[in-house]
Structure formats: structure tokens, C-alpha cells
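Asks: First, the structure itself, so that you have it in front of you.
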Amino acid sequence: TDAGLLRERKVGRETRYRLDPEPLLELKRWLAYYERYWDNKMSALRRYVEEDTAQGDLPLPGESQSGE
């Protein structure tokens with residue numbers, strides 16, 4: 001109820017609850033941004049690793065060519 005996901009209604013001695021999914025839709029939109037962000041980052045990592053495999057051992061960013 002505090003998160004706004006439930007609506008409550010008193011019916012006699014009972015309290016009836018109803019789900020309100022609207023706050024979950026907002027969360028879904030927020031998470032979708034980060035899902036696209038991580039998909040892009042993982043795709044870039046895949047391309048880097050595949051290029052490394054195709055061209056032999058490439059140094060990691062920040063490493064010297066001699067492996068030091």
C-alpha cells in the first residue's frame with residue numbers, strides 16, 4: 001500500500017485489496033533505459049573480444065605492446 005501498488009476498500013469487517021499496476025509501468029520504463037544501456041555495453045565488449053580473437057592477442061586498454 002505504501003508503494004501505491006494496492007488500493008484498499010472496507011466492505012463490512014473485511015478489507016479488500018485491488019492491484020494498481022501503474023507504478024510498475026513507471027518502473028518498467030526506467031529499467032528499459034538501463035537494459036538498452038547494458039545491451040550496448042555488452043555488444044561493444046563482444047565486438048572487442050571477437051576482434052581480439054580474430055587478430056591475435058591485442059593489449060587491453062592501458063597496457064603496453066610488450067605486455068609490461
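Lettering and numbering for the C-alpha cells are positional, with chains as A, B, ... in the shown order, residues counted from 1 in each chain, and ligands counted from 1 in the shown order.
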Considering only C-alpha atoms, return as a compact mmCIF listing (two decimals) with C-alpha atoms, in the first residue's frame whatever protein or nucleic-acid residues lie within 8 Å of region 22-31 of chain A, sequence-local ones (same chain, fewer than 6 positions apart) excluded.

Replies:
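Everything below was put into result07.txt:
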# COMPACT_ATOMS: atom_id res chain seq x y z
CA ALA A 3 4.31 1.91 -2.65
CA GLY A 4 0.97 2.73 -4.27
CA LEU A 5 0.55 -0.75 -5.73

Asks: Within chain A, find each residue whose DSSP state, derived from the backbone, is helix (DSSP H, G or I), and express the selection as number ranges by chain.

Replies: A: 22-55

Asks: Just to confirm, what's the straight-line distance from CA of Tyr34 (chain A) to CA of Val49 (chain A) in Å (one decimal)?

Replies: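 Between CA of Tyr34 (chain A) and CA of Val49 (chain A) the gap works out to 22.4 Å.
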
Asks: Report the residues of chain A whose backbone DSSP state falls under strand (DSSP E or B), written as an MDAnalysis selection string.

Replies: chainID A and resid 6:11 14:19

Asks: Using the selection just defined, write its residues with N, CA and C atoms as a PDB file, in the first residue's frame.

Replies:
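Final output, saved to result15.pdb:
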ATOM      1  N   LEU A   6      -1.295  -1.068  -4.202  1.00  0.00           N
ATOM      2  CA  LEU A   6      -2.563  -1.629  -3.759  1.00  0.00           C
ATOM      3  C   LEU A   6      -3.540  -0.524  -3.398  1.00  0.00           C
ATOM      4  N   ARG A   7      -4.795  -0.766  -3.715  1.00  0.00           N
ATOM      5  CA  ARG A   7      -5.890   0.101  -3.275  1.00  0.00           C
ATOM      6  C   ARG A   7      -6.723  -0.746  -2.323  1.00  0.00           C
ATOM      7  N   GLU A   8      -7.092  -0.168  -1.210  1.00  0.00           N
ATOM      8  CA  GLU A   8      -7.886  -0.932  -0.256  1.00  0.00           C
ATOM      9  C   GLU A   8      -9.258  -0.302  -0.094  1.00  0.00           C
ATOM     10  N   ARG A   9     -10.228  -1.169   0.211  1.00  0.00           N
ATOM     11  CA  ARG A   9     -11.601  -0.714   0.384  1.00  0.00           C
ATOM     12  C   ARG A   9     -12.225  -1.558   1.486  1.00  0.00           C
ATOM     13  N   LYS A  10     -12.859  -0.903   2.432  1.00  0.00           N
ATOM     14  CA  LYS A  10     -13.545  -1.596   3.527  1.00  0.00           C
ATOM     15  C   LYS A  10     -14.923  -2.043   3.044  1.00  0.00           C
ATOM     16  N   VAL A  11     -15.202  -3.321   3.272  1.00  0.00           N
ATOM     17  CA  VAL A  11     -16.518  -3.871   2.981  1.00  0.00           C
ATOM     18  C   VAL A  11     -16.942  -4.621   4.240  1.00  0.00           C
ATOM     19  N   GLU A  14     -14.401  -6.681   6.421  1.00  0.00           N
ATOM     20  CA  GLU A  14     -13.297  -7.076   5.539  1.00  0.00           C
ATOM     21  C   GLU A  14     -12.633  -5.855   4.913  1.00  0.00           C
ATOM     22  N   THR A  15     -11.381  -6.019   4.609  1.00  0.00           N
ATOM     23  CA  THR A  15     -10.661  -5.041   3.797  1.00  0.00           C
ATOM     24  C   THR A  15     -10.298  -5.737   2.497  1.00  0.00           C
ATOM     25  N   ARG A  16     -10.759  -5.186   1.415  1.00  0.00           N
ATOM     26  CA  ARG A  16     -10.478  -5.769   0.093  1.00  0.00           C
ATOM     27  C   ARG A  16      -9.409  -4.933  -0.600  1.00  0.00           C
ATOM     28  N   TYR A  17      -8.501  -5.659  -1.246  1.00  0.00           N
ATOM     29  CA  TYR A  17      -7.372  -5.015  -1.915  1.00  0.00           C
ATOM     30  C   TYR A  17      -7.470  -5.231  -3.411  1.00  0.00           C
ATOM     31  N   ARG A  18      -7.033  -4.227  -4.146  1.00  0.00           N
ATOM     32  CA  ARG A  18      -7.006  -4.299  -5.604  1.00  0.00           C
ATOM     33  C   ARG A  18      -5.635  -3.815  -6.067  1.00  0.00           C
ATOM     34  N   LEU A  19      -5.050  -4.538  -7.007  1.00  0.00           N
ATOM     35  CA  LEU A  19      -3.734  -4.173  -7.536  1.00  0.00           C
ATOM     36  C   LEU A  19      -3.861  -2.978  -8.473  1.00  0.00           C
TER      37      LEU A  19
END
